[in-house]
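Asks: model_4.cif is reproduced in full below (mmCIF, C-alpha atoms and all ligand atoms).
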```
data_start
loop_
_atom_site.label_atom_id
_atom_site.label_comp_id
_atom_site.auth_asym_id
_atom_site.auth_seq_id
_atom_site.Cartn_x
_atom_site.Cartn_y
_atom_site.Cartn_z
CA MET A 4 86.01 104.36 85.87
CA ASN A 5 84.57 104.65 82.39
CA ASN A 6 81.85 107.32 82.16
CA GLU A 7 81.09 106.99 78.44
CA LYS A 8 77.84 105.12 77.84
CA LEU A 9 78.17 102.19 75.50
CA PRO A 10 75.56 101.49 72.84
CA ILE A 11 73.17 98.71 73.84
CA HIS A 12 72.00 96.17 71.26
CA PHE A 13 68.87 94.07 71.81
CA ALA A 14 69.85 90.40 71.39
CA PRO A 15 67.77 88.19 69.11
CA LEU A 16 65.65 85.67 71.04
CA GLN A 17 63.72 83.25 68.86
CA GLY A 18 60.05 83.30 69.93
CA TYR A 19 60.39 86.49 72.00
CA THR A 20 61.86 89.42 70.06
CA ASP A 21 59.56 89.27 67.06
CA ALA A 22 58.58 92.29 64.97
CA ILE A 23 55.59 93.17 67.15
CA TYR A 24 57.67 93.11 70.32
CA ARG A 25 60.60 94.99 68.77
CA SER A 26 58.54 97.87 67.41
CA ALA A 27 56.52 98.21 70.63
CA HIS A 28 59.75 98.21 72.65
CA ALA A 29 61.39 100.81 70.42
CA ARG A 30 58.38 103.10 70.63
CA ILE A 31 57.72 102.81 74.37
CA TYR A 32 61.26 102.49 75.76
CA GLY A 33 64.00 103.24 73.24
CA GLY A 34 67.61 103.34 74.42
CA ILE A 35 68.61 100.62 71.92
CA GLU A 36 71.23 101.10 69.21
CA SER A 37 69.98 98.18 67.13
CA TYR A 38 67.67 95.19 67.28
CA TYR A 39 68.50 91.84 65.65
CA THR A 40 66.03 89.42 64.15
CA PRO A 41 66.13 85.87 65.49
CA PHE A 42 68.04 83.80 62.94
CA VAL A 43 66.51 83.13 59.55
CA ARG A 44 67.26 79.67 58.20
CA ILE A 45 66.39 77.40 55.33
CA GLU A 46 64.06 74.67 56.58
CA HIS A 47 63.03 71.77 54.33
CA GLY A 48 64.52 73.61 51.35
CA ASP A 49 62.73 76.93 51.89
CA PHE A 50 62.24 79.96 54.09
CA ARG A 51 59.59 79.95 56.78
CA ARG A 52 56.77 82.31 55.72
CA LYS A 53 56.79 83.93 59.13
CA ASP A 54 60.52 84.75 58.83
CA VAL A 55 59.90 86.54 55.53
CA ARG A 56 56.97 88.54 56.92
CA GLU A 57 59.00 89.49 59.99
CA LEU A 58 61.57 91.20 57.75
CA ASP A 59 59.12 93.58 56.07
CA ALA A 60 59.96 97.22 56.73
CA ASP A 61 56.27 97.88 57.43
CA ASN A 62 56.40 95.48 60.36
CA ASN A 63 59.52 97.07 61.83
CA ARG A 64 58.76 100.79 61.88
CA GLY A 65 60.98 102.87 64.12
CA VAL A 66 63.39 99.98 64.62
CA ASN A 67 67.03 99.99 63.53
CA LEU A 68 67.04 96.35 62.48
CA THR A 69 69.83 93.95 61.56
CA PRO A 70 68.64 90.66 60.12
CA GLN A 71 70.48 87.54 61.28
CA LEU A 72 71.00 84.28 59.40
CA ILE A 73 72.17 80.82 60.32
CA ALA A 74 73.52 78.44 57.67
CA SER A 75 75.87 75.48 57.41
CA THR A 76 76.92 75.94 53.79
CA PRO A 77 77.74 78.86 51.47
CA GLU A 78 74.78 77.89 49.21
CA LYS A 79 72.24 78.24 52.01
CA LEU A 80 73.87 81.40 53.27
CA LEU A 81 73.77 83.05 49.85
CA ARG A 82 70.08 82.23 49.44
CA ILE A 83 69.20 83.84 52.76
CA LEU A 84 71.41 86.82 51.96
CA SER A 85 69.50 87.38 48.71
CA LEU A 86 66.29 87.59 50.70
CA PHE A 87 67.79 90.17 53.09
CA ILE A 88 69.11 92.22 50.16
CA GLU A 89 65.77 92.04 48.37
CA LYS A 90 64.17 93.45 51.54
CA GLY A 91 66.63 96.35 51.46
CA TYR A 92 68.98 95.52 54.35
CA LYS A 93 72.60 96.73 54.31
CA ASN A 94 73.73 95.13 57.60
CA VAL A 95 73.66 91.39 58.13
CA ASP A 96 74.62 89.34 61.18
CA ILE A 97 75.90 85.78 60.82
CA ASN A 98 75.14 83.37 63.66
CA LEU A 99 78.09 81.29 64.89
CA GLY A 100 76.73 80.92 68.40
CA CYS A 101 73.46 78.98 68.41
CA PRO A 102 73.85 75.95 70.72
CA PHE A 103 70.63 74.04 69.85
CA PRO A 104 71.87 70.46 69.39
CA THR A 105 69.72 69.68 66.34
CA LEU A 106 71.21 72.65 64.46
CA ALA A 107 74.71 72.48 65.96
CA LYS A 108 75.27 68.84 65.06
CA ARG A 109 74.63 69.76 61.42
CA HIS A 110 77.41 72.36 61.61
CA ASN A 111 75.20 75.40 62.16
CA GLY A 112 75.84 78.15 64.69
CA ALA A 113 78.25 77.20 67.49
CA GLY A 114 78.42 73.73 65.91
CA LEU A 115 80.58 75.24 63.19
CA LEU A 116 83.25 76.66 65.53
CA PRO A 117 85.37 73.46 65.73
CA TYR A 118 85.67 73.54 61.91
CA PRO A 119 87.66 76.68 61.02
CA ASP A 120 87.85 75.77 57.32
CA GLU A 121 84.04 75.65 57.13
CA VAL A 122 83.74 78.97 58.98
CA LYS A 123 86.20 80.51 56.53
CA ALA A 124 84.35 79.16 53.50
CA LEU A 125 81.04 80.49 54.84
CA LEU A 126 82.27 83.98 55.69
CA MET A 127 84.38 84.35 52.54
CA ALA A 128 81.40 83.37 50.38
CA ALA A 129 79.32 86.11 51.99
CA ILE A 130 81.95 88.83 51.79
CA GLU A 131 83.10 88.03 48.25
CA ALA A 132 79.57 87.87 46.86
CA HIS A 133 78.38 91.01 48.66
CA PRO A 134 81.16 93.48 49.42
CA GLU A 135 78.49 96.20 49.71
CA ILE A 136 76.97 94.58 52.82
CA HIS A 137 78.25 95.29 56.34
CA PHE A 138 78.64 91.89 57.95
CA SER A 139 78.93 91.13 61.64
CA VAL A 140 79.33 87.84 63.47
CA LYS A 141 77.65 86.69 66.69
CA MET A 142 79.57 83.86 68.29
CA ARG A 143 80.53 81.86 71.36
CA LEU A 144 83.96 80.89 72.70
CA GLY A 145 83.75 77.54 70.96
CA TRP A 146 81.73 74.35 70.98
CA GLU A 147 84.01 72.15 73.19
CA ASP A 148 86.85 74.44 74.01
CA ALA A 149 87.56 78.18 74.35
CA ASN A 150 90.63 77.83 72.11
CA GLU A 151 88.32 77.50 69.12
CA CYS A 152 87.59 81.24 69.04
CA MET A 153 91.29 82.04 69.45
CA ALA A 154 92.14 79.82 66.47
CA LEU A 155 89.60 81.75 64.38
CA LEU A 156 90.54 85.23 65.57
CA PRO A 157 93.41 86.03 63.14
CA PHE A 158 91.05 85.16 60.28
CA LEU A 159 88.21 87.25 61.77
CA ASN A 160 90.63 90.16 62.26
CA SER A 161 91.51 90.00 58.58
CA LEU A 162 87.87 90.43 57.45
CA PRO A 163 86.02 93.72 56.90
CA LEU A 164 83.52 92.95 59.70
CA SER A 165 81.58 95.83 61.25
CA HIS A 166 81.80 94.11 64.66
CA ILE A 167 81.91 90.81 66.51
CA THR A 168 79.48 89.95 69.31
CA MET A 169 80.84 87.40 71.78
CA HIS A 170 78.77 85.40 74.26
CA PRO A 171 81.48 83.89 76.46
CA ARG A 172 80.10 80.40 76.97
CA LEU A 173 80.77 77.18 75.10
CA GLY A 174 78.12 75.73 72.80
CA LYS A 175 78.00 72.51 74.81
CA GLN A 176 77.09 74.54 77.93
CA GLN A 177 73.92 75.88 76.26
CA TYR A 178 72.97 78.63 78.76
CA LYS A 179 74.20 76.82 81.87
CA GLY A 180 77.13 77.62 84.11
CA GLU A 181 78.93 80.93 84.45
CA VAL A 182 80.11 83.13 81.60
CA ASP A 183 83.91 82.74 81.24
CA LEU A 184 85.27 86.27 81.57
CA GLU A 185 88.88 85.15 81.49
CA ALA A 186 88.43 83.50 78.13
CA PHE A 187 86.57 86.64 77.02
CA GLN A 188 89.57 88.72 78.19
CA ARG A 189 91.92 86.69 75.98
CA PHE A 190 89.69 87.20 72.95
CA TYR A 191 89.22 90.91 73.77
CA ALA A 192 92.98 91.45 74.07
CA GLU A 193 93.59 90.27 70.50
CA CYS A 194 90.38 91.26 68.76
CA GLU A 195 90.96 94.11 66.31
CA LYS A 196 87.30 94.56 65.38
CA PRO A 197 84.77 96.49 67.48
CA LEU A 198 83.77 93.89 70.08
CA ILE A 199 80.34 93.65 71.68
CA TYR A 200 79.98 91.74 74.95
CA ASN A 201 76.86 89.60 75.42
CA GLY A 202 75.76 87.49 78.36
CA ASP A 203 73.94 87.63 81.72
CA LEU A 204 73.66 91.42 82.02
CA LEU A 205 70.61 91.80 84.25
CA THR A 206 71.15 95.09 86.06
CA VAL A 207 72.75 98.48 85.47
CA SER A 208 75.57 97.49 87.79
CA ASP A 209 76.21 94.32 85.73
CA ILE A 210 76.49 96.61 82.69
CA GLU A 211 78.87 98.97 84.49
CA ASN A 212 81.06 96.16 85.81
CA ILE A 213 81.59 94.79 82.31
CA SER A 214 82.14 98.18 80.70
CA ASN A 215 84.69 99.12 83.39
CA ARG A 216 86.51 95.81 83.13
CA PHE A 217 86.68 95.97 79.32
CA PRO A 218 86.97 99.69 78.47
CA ARG A 219 87.64 99.20 74.74
CA LEU A 220 84.31 97.46 74.09
CA GLY A 221 82.29 98.68 71.11
CA GLY A 222 78.98 97.96 72.82
CA LEU A 223 76.90 95.53 74.84
CA MET A 224 74.20 93.16 73.72
CA ILE A 225 71.43 92.22 76.13
CA GLY A 226 68.70 89.63 75.75
CA ARG A 227 67.03 88.16 78.82
CA GLY A 228 67.90 91.18 80.99
CA LEU A 229 65.85 93.40 78.66
CA LEU A 230 62.97 90.92 78.51
CA ALA A 231 62.89 90.98 82.34
CA ASN A 232 63.27 94.77 82.58
CA PRO A 233 62.55 96.43 79.23
CA ALA A 234 63.76 99.74 80.74
CA LEU A 235 67.26 98.39 81.44
CA ALA A 236 68.96 100.13 78.49
CA ILE A 237 67.23 103.45 79.12
CA GLU A 238 68.03 103.30 82.85
CA TYR A 239 71.69 102.74 82.00
CA GLN A 240 71.72 105.51 79.38
CA GLN A 241 69.97 108.01 81.69
CA GLY A 242 72.02 107.04 84.73
CA GLU A 243 68.95 106.64 86.96
CA PRO A 244 66.18 104.10 87.49
CA LEU A 245 62.60 104.75 86.36
CA SER A 246 60.21 105.50 89.19
CA PRO A 247 58.00 102.51 90.13
CA GLN A 248 55.00 104.39 88.64
CA ALA A 249 56.78 105.09 85.34
CA MET A 250 57.95 101.45 85.24
CA MET A 251 54.38 100.12 85.64
CA GLU A 252 52.94 102.65 83.20
CA LYS A 253 55.43 101.65 80.51
CA ILE A 254 54.79 97.94 81.05
CA ARG A 255 51.06 98.64 80.78
CA LEU A 256 51.68 100.39 77.44
CA LEU A 257 53.99 97.63 76.19
CA HIS A 258 51.47 94.98 77.16
CA ALA A 259 48.51 96.84 75.60
CA ASP A 260 50.41 97.36 72.35
CA VAL A 261 51.68 93.79 72.04
CA PHE A 262 48.33 92.29 73.13
CA SER A 263 46.32 94.24 70.57
CA GLN A 264 48.77 93.55 67.75
CA TYR A 265 48.94 89.81 68.44
CA GLY A 266 45.15 89.91 68.67
CA ASN A 267 44.93 91.38 65.15
CA LEU A 268 47.53 89.00 63.77
CA LEU A 269 45.93 85.90 65.24
CA GLU A 270 42.42 87.02 64.19
CA GLY A 271 40.47 86.08 67.25
CA GLY A 272 42.17 82.77 68.06
CA GLU A 273 41.87 83.07 71.85
CA GLN A 274 44.07 80.09 72.73
CA GLN A 275 46.77 81.18 70.29
CA LEU A 276 46.70 84.68 71.76
CA LEU A 277 47.02 83.31 75.29
CA THR A 278 49.96 81.14 74.25
CA LYS A 279 51.68 84.14 72.68
CA MET A 280 51.06 86.26 75.79
CA ARG A 281 52.47 83.53 78.06
CA THR A 282 55.75 83.91 76.19
CA PHE A 283 55.54 87.68 76.63
CA TRP A 284 55.35 87.23 80.41
CA GLU A 285 57.93 84.47 80.72
CA TYR A 286 60.89 86.65 81.65
CA LEU A 287 59.06 89.93 82.35
CA LEU A 288 58.86 91.22 85.95
CA PRO A 289 60.58 88.25 87.63
CA ASP A 290 59.61 89.67 91.05
CA GLY A 291 55.98 90.27 90.05
CA ASP A 292 53.06 88.81 92.02
CA ARG A 293 53.49 85.01 91.87
CA LYS A 294 49.79 84.17 92.03
CA ALA A 295 48.97 86.44 89.08
CA LYS A 296 51.87 85.02 87.06
CA LYS A 297 50.68 81.49 87.75
CA VAL A 298 47.21 82.33 86.41
CA ILE A 299 48.77 83.86 83.28
CA HIS A 300 50.77 80.68 82.68
CA LYS A 301 47.86 78.29 83.27
CA THR A 302 44.58 79.87 82.23
CA SER A 303 42.73 79.10 79.02
CA LYS A 304 40.24 81.96 79.57
CA LEU A 305 40.88 85.44 78.32
CA SER A 306 38.85 87.01 81.17
CA ASN A 307 41.04 85.25 83.80
CA TYR A 308 44.11 86.35 81.91
CA GLN A 309 43.02 89.99 81.87
CA ALA A 310 42.16 89.98 85.57
CA ALA A 311 45.59 88.50 86.39
CA VAL A 312 47.36 91.13 84.28
CA SER A 313 45.48 93.92 86.10
CA ASN A 314 46.62 92.43 89.42
CA LEU A 315 50.19 92.14 88.24
CA LEU A 316 50.31 95.74 87.01
CA LYS A 317 48.54 97.32 90.02
C1 LIG B 1 64.98 81.39 73.86
C2 LIG B 1 66.24 81.94 73.25
C3 LIG B 1 66.28 82.17 71.87
C4 LIG B 1 67.45 82.67 71.27
N1 LIG B 1 67.47 82.90 69.91
C5 LIG B 1 68.61 83.39 69.34
C6 LIG B 1 68.69 83.67 67.94
O1 LIG B 1 67.75 83.48 67.16
N2 LIG B 1 69.87 84.14 67.45
C7 LIG B 1 70.96 84.38 68.26
O2 LIG B 1 72.00 84.83 67.79
N3 LIG B 1 70.89 84.14 69.59
C8 LIG B 1 69.77 83.67 70.14
N4 LIG B 1 69.72 83.47 71.48
C9 LIG B 1 70.87 83.89 72.30
C10 LIG B 1 70.70 85.33 72.77
O3 LIG B 1 70.72 86.22 71.68
C11 LIG B 1 71.84 85.73 73.74
O4 LIG B 1 73.07 85.53 73.09
C12 LIG B 1 71.81 84.89 75.02
O5 LIG B 1 70.50 84.84 75.55
C13 LIG B 1 72.77 85.47 76.05
O6 LIG B 1 72.47 86.82 76.30
P1 LIG B 1 71.57 87.26 77.58
O7 LIG B 1 72.20 86.61 78.79
O8 LIG B 1 71.68 88.76 77.60
O9 LIG B 1 70.18 86.76 77.36
C14 LIG B 1 68.58 82.95 72.08
C15 LIG B 1 68.53 82.72 73.46
C16 LIG B 1 67.39 82.23 74.05
C17 LIG B 1 67.36 82.01 75.55
#
```
Can you turn what I pasted into structure tokens?
Ligand SMILES: Cc1cc2nc3c(=O)[nH]c(=O)nc-3n(C[C@H](O)[C@H](O)[C@H](O)COP(=O)(O)O)c2cc1C

Replies:
Amino acid sequence: MNNEKLPIHFAPLQGYTDAIYRSAHARIYGGIESYYTPFVRIEHGDFRRKDVRELDADNNRGVNLTPQLIASTPEKLLRILSLFIEKGYKNVDINLGCPFPTLAKRHNGAGLLPYPDEVKALLMAAIEAHPEIHFSVKMRLGWEDANECMALLPFLNSLPLSHITMHPRLGKQQYKGEVDLEAFQRFYAECEKPLIYNGDLLTVSDIENISNRFPRLGGLMIGRGLLANPALAIEYQQGEPLSPQAMMEKIRLLHADVFSQYGNLLEGGEQQLLTKMRTFWEYLLPDGDRKAKKVIHKTSKLSNYQAAVSNLLK
């Protein structure tokens, strides 16, 4: 039995863990070692304006933030890195795990894992150009085959990485099927860098099972489990669940904060605000009142939305 609590990192989820959500979560819940931005990429030769705004320190107050990038070539990677450095970041995460086919087929994310020479060129370019930056890598077992990560591991062990985060699925699986804990075990056994486990941790007992099975882990990263229960990290750290009243009160605060900030950002665009809030509710409270959730997902009227939220948070 391992009684030490591991640090919990909030996984990046494109469309969900934006700056407004991250800072509201940090303020209302806490319990998170660090938050990661969803990946920043070069699209049609440039950055997306939203990605740049999301990196501003002013939009991330109270959040220990690591920006993440995805790139297929050293040139693109170095351009994104310059942006992160200009914004003052000292830690940078490199995505080798994204399974989206359109990106993966162009050798981005998990689509790069079958090409160890390209991975090496990418990581070496980053480390040689910026030895002052603490780099980490977020990856999967491989694209086709779990041997891909094992082929890369001696090289990864030789780099000055702050840590490696492993989501033990293959790229071609997307998010389907089970996580492969045996393949994770093989990687864990030979990984000399602090290793962070990521994947399908939904409850405190899921967290404890993984931390007992892999006692040398450097931490855990959680995405969808925290979107569903934003108190998951704090419940694990404190060793007891929040009371139902405290749970509802905190969700009320989180919702009020996020709702008002999206409202300001979207300057009165009611439909845009409702779309944004639908995303907010997508994973949250999976056992919440089904009728109220249906209204939230369907309605185009703010008054119906607000009535449904009051029902859900009764
Ligand atoms: C909608 C969605 C968006 C995601 N966006 C990113 C991303 O931008 N960068 C990244 O490294 N991983 C991304 N991921 C993967 C998550 O960070 C995480 O690795 C995955 O969800 C497994 O962890 P979980 O089971 O705790 O959610 C995304 C996953 C989902 C479902």

Asks: In terms of the shortest atom-to-atom distance over all atoms listed in the file, which of A:Tyr178, A:Phe217, A:Trp284, A:Phe103 is closest to Tyr191 in chain A?

Replies: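 Of A:Tyr178, A:Phe217, A:Trp284, A:Phe103, the one nearest Tyr191 in chain A, counting all atoms listed in the file, is A:Phe217.
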
Asks: Please, which residues have at least one atom within 8 Å of an atom of ligand LIG 1 (chain B), using all atoms listed in the file, listed as a PyMOL selection string?

Replies: chain A and resi 14-19+40-43+71+98-101+141-142+170+178+201-205+224-229

Asks: Show me, as a list in words, the residues that have an atom within 12 Å of Ala154 in chain A when counting all atoms listed in the file, minus same-chain residues fewer than 2 positions from it.

Replies: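 Non-adjacent residues within range: Leu116, Pro117, Tyr118, Pro119, Asp120, Val122, Lys123, Leu144, Gly145, Asp148, Ala149, Asn150, Glu151, Cys152, Leu156, Pro157, Phe158, Leu159, Asn160, Arg189, Phe190, Glu193 and Cys194 of chain A.
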
Asks: Which centre and which edge lengths, in Å to one decimal, describe the axis-aligned box that holds all listed atoms of range 156-171 of chain A after 5 Å is added on each side, as AutoDock Vina command-line options?

Replies:
```
--center_x 86.1 --center_y 89.9 --center_z 66.7 --size_x 24.6 --size_y 21.9 --size_z 29.6
```

Asks: Which range 34-75 of chain A residues have any atom within 10 Å of an atom of range 234-255 of chain A, and for each, what is the nearest pair of atoms with distance in Å to one decimal, counting only C-alpha atoms, rows sorted by chain and number, as a tab-separated table?

Replies:
```
residue	atom	partner	partner_atom	distance
A:Gly34	CA	A:Ile237	CA	4.7
A:Ile35	CA	A:Ala236	CA	6.6
A:Glu36	CA	A:Ala236	CA	9.6
```

Asks: Taking into account all atoms listed in the file, which residue in the set A:Asn232, A:Asn111, A:Thr168, A:Ser26 is nearest to Ala74 in chain A?

Replies: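 The closest residue to Ala74 in chain A is A:Asn111.
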
Asks: Check the smallest atom-to-atom distance from each of A:Ile73, A:Ile210, A:Leu155, A:Leu230 to Arg25 in chain A using all atoms listed in the file, then report the winner.

Replies: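 The answer is A:Leu230, which sits nearest to Arg25 in chain A.
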
Asks: Within 8 Å of range 257-263 of chain A, counting only C-alpha atoms, which residues qualify if same-chain residues fewer than 3 places away don't, as a PyMOL selection string?

Replies: chain A and resi 23-24+27-28+31+253-254+266-267+276+280

Asks: Mind running range 80-103 of chain A against range 125-133 of chain A at 8 Å and telling me each contacting residue's nearest atom pair with the distance in Å (one decimal), counting all atoms listed in the file, chain and number ascending, as CSV?

Replies:
```
residue,atom,partner,partner_atom,distance
A:Leu80,CA,A:Ala129,CA,7.3
A:Leu81,CA,A:Ala129,CA,6.7
A:Leu84,CA,A:Ala129,CA,7.9
```

Asks: Between CA of Met169 in chain A and CA of Thr282 in chain A, what is the distance, to one decimal in Å?

Replies: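 Between CA of Met169 in chain A and CA of Thr282 in chain A the gap works out to 25.7 Å.
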
Asks: Pick the closest to Ile136 in chain A from A:Pro102, A:Gly222, A:Gly112, A:Pro70: which is it, counting only C-alpha atoms?

Replies: A:Pro70

Asks: Just want the 8 Å neighbourhood of range 300-312 of chain A, counted on only C-alpha atoms, with same-chain residues fewer than 3 positions away dropped. Output as a PyMOL selection string.

Replies: chain A and resi 273-274+277+281+295-297+315-316

Asks: I need the residues from that last selection saved to file as a short mmCIF file (atom, residue, chain, number, x, y, z; two decimals), keeping the file's coordinate frame (with C-alpha atoms), if you can.

Replies:
```cif
data_model
loop_
_atom_site.label_atom_id
_atom_site.label_comp_id
_atom_site.auth_asym_id
_atom_site.auth_seq_id
_atom_site.Cartn_x
_atom_site.Cartn_y
_atom_site.Cartn_z
CA GLU A 273 41.87 83.07 71.85
CA GLN A 274 44.07 80.09 72.73
CA LEU A 277 47.02 83.31 75.29
CA ARG A 281 52.47 83.53 78.06
CA ALA A 295 48.97 86.44 89.08
CA LYS A 296 51.87 85.02 87.06
CA LYS A 297 50.68 81.49 87.75
CA LEU A 315 50.19 92.14 88.24
CA LEU A 316 50.31 95.74 87.01
#
```

Asks: When you look at Ile45 in chain A with a cut-off of 8 Å (counting all atoms listed in the file), what residues show up, excluding the ones that are within fewer than 2 positions of it in the same chain? I need them as JSON, numbers by chain.

Replies: {"A": [43, 47, 48, 49, 50, 51, 74, 79, 83]}

Asks: Between CA of Arg216 in chain A and CA of Tyr200 in chain A, what is the distance in Å, rounded to a tenth?

Replies: 11.2 Å

Asks: Do you know which residues are at most 12 Å from Gly180 in chain A counting only C-alpha atoms, after dropping those on the same chain fewer than 5 positions away, and could you put them as an mmCIF file with C-alpha atoms, in the frame of the given file?

Replies:
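And here is the file that came out, around.cif:
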```cif
data_model
loop_
_atom_site.group_PDB
_atom_site.id
_atom_site.type_symbol
_atom_site.label_atom_id
_atom_site.label_comp_id
_atom_site.auth_asym_id
_atom_site.auth_seq_id
_atom_site.Cartn_x
_atom_site.Cartn_y
_atom_site.Cartn_z
ATOM 1 C CA PRO A 171 81.480 83.890 76.460
ATOM 2 C CA ARG A 172 80.100 80.400 76.970
ATOM 3 C CA LEU A 173 80.770 77.180 75.100
ATOM 4 C CA GLY A 174 78.120 75.730 72.800
ATOM 5 C CA LYS A 175 78.000 72.510 74.810
ATOM 6 C CA GLY A 202 75.760 87.490 78.360
ATOM 7 C CA ASP A 203 73.940 87.630 81.720
#
```

Asks: Rank nothing, just name the residue among A:Asp183, A:Asp292, A:Asp61, A:Glu7 nearest to Glu211 in chain A, using all atoms listed in the file.

Replies: A:Glu7

Asks: Would you mind reading off the distance between CA of Asn62 in chain A and CA of Val140 in chain A, one decimal, in Å?

Replies: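 That distance, rounded to one decimal, is 24.4 Å.
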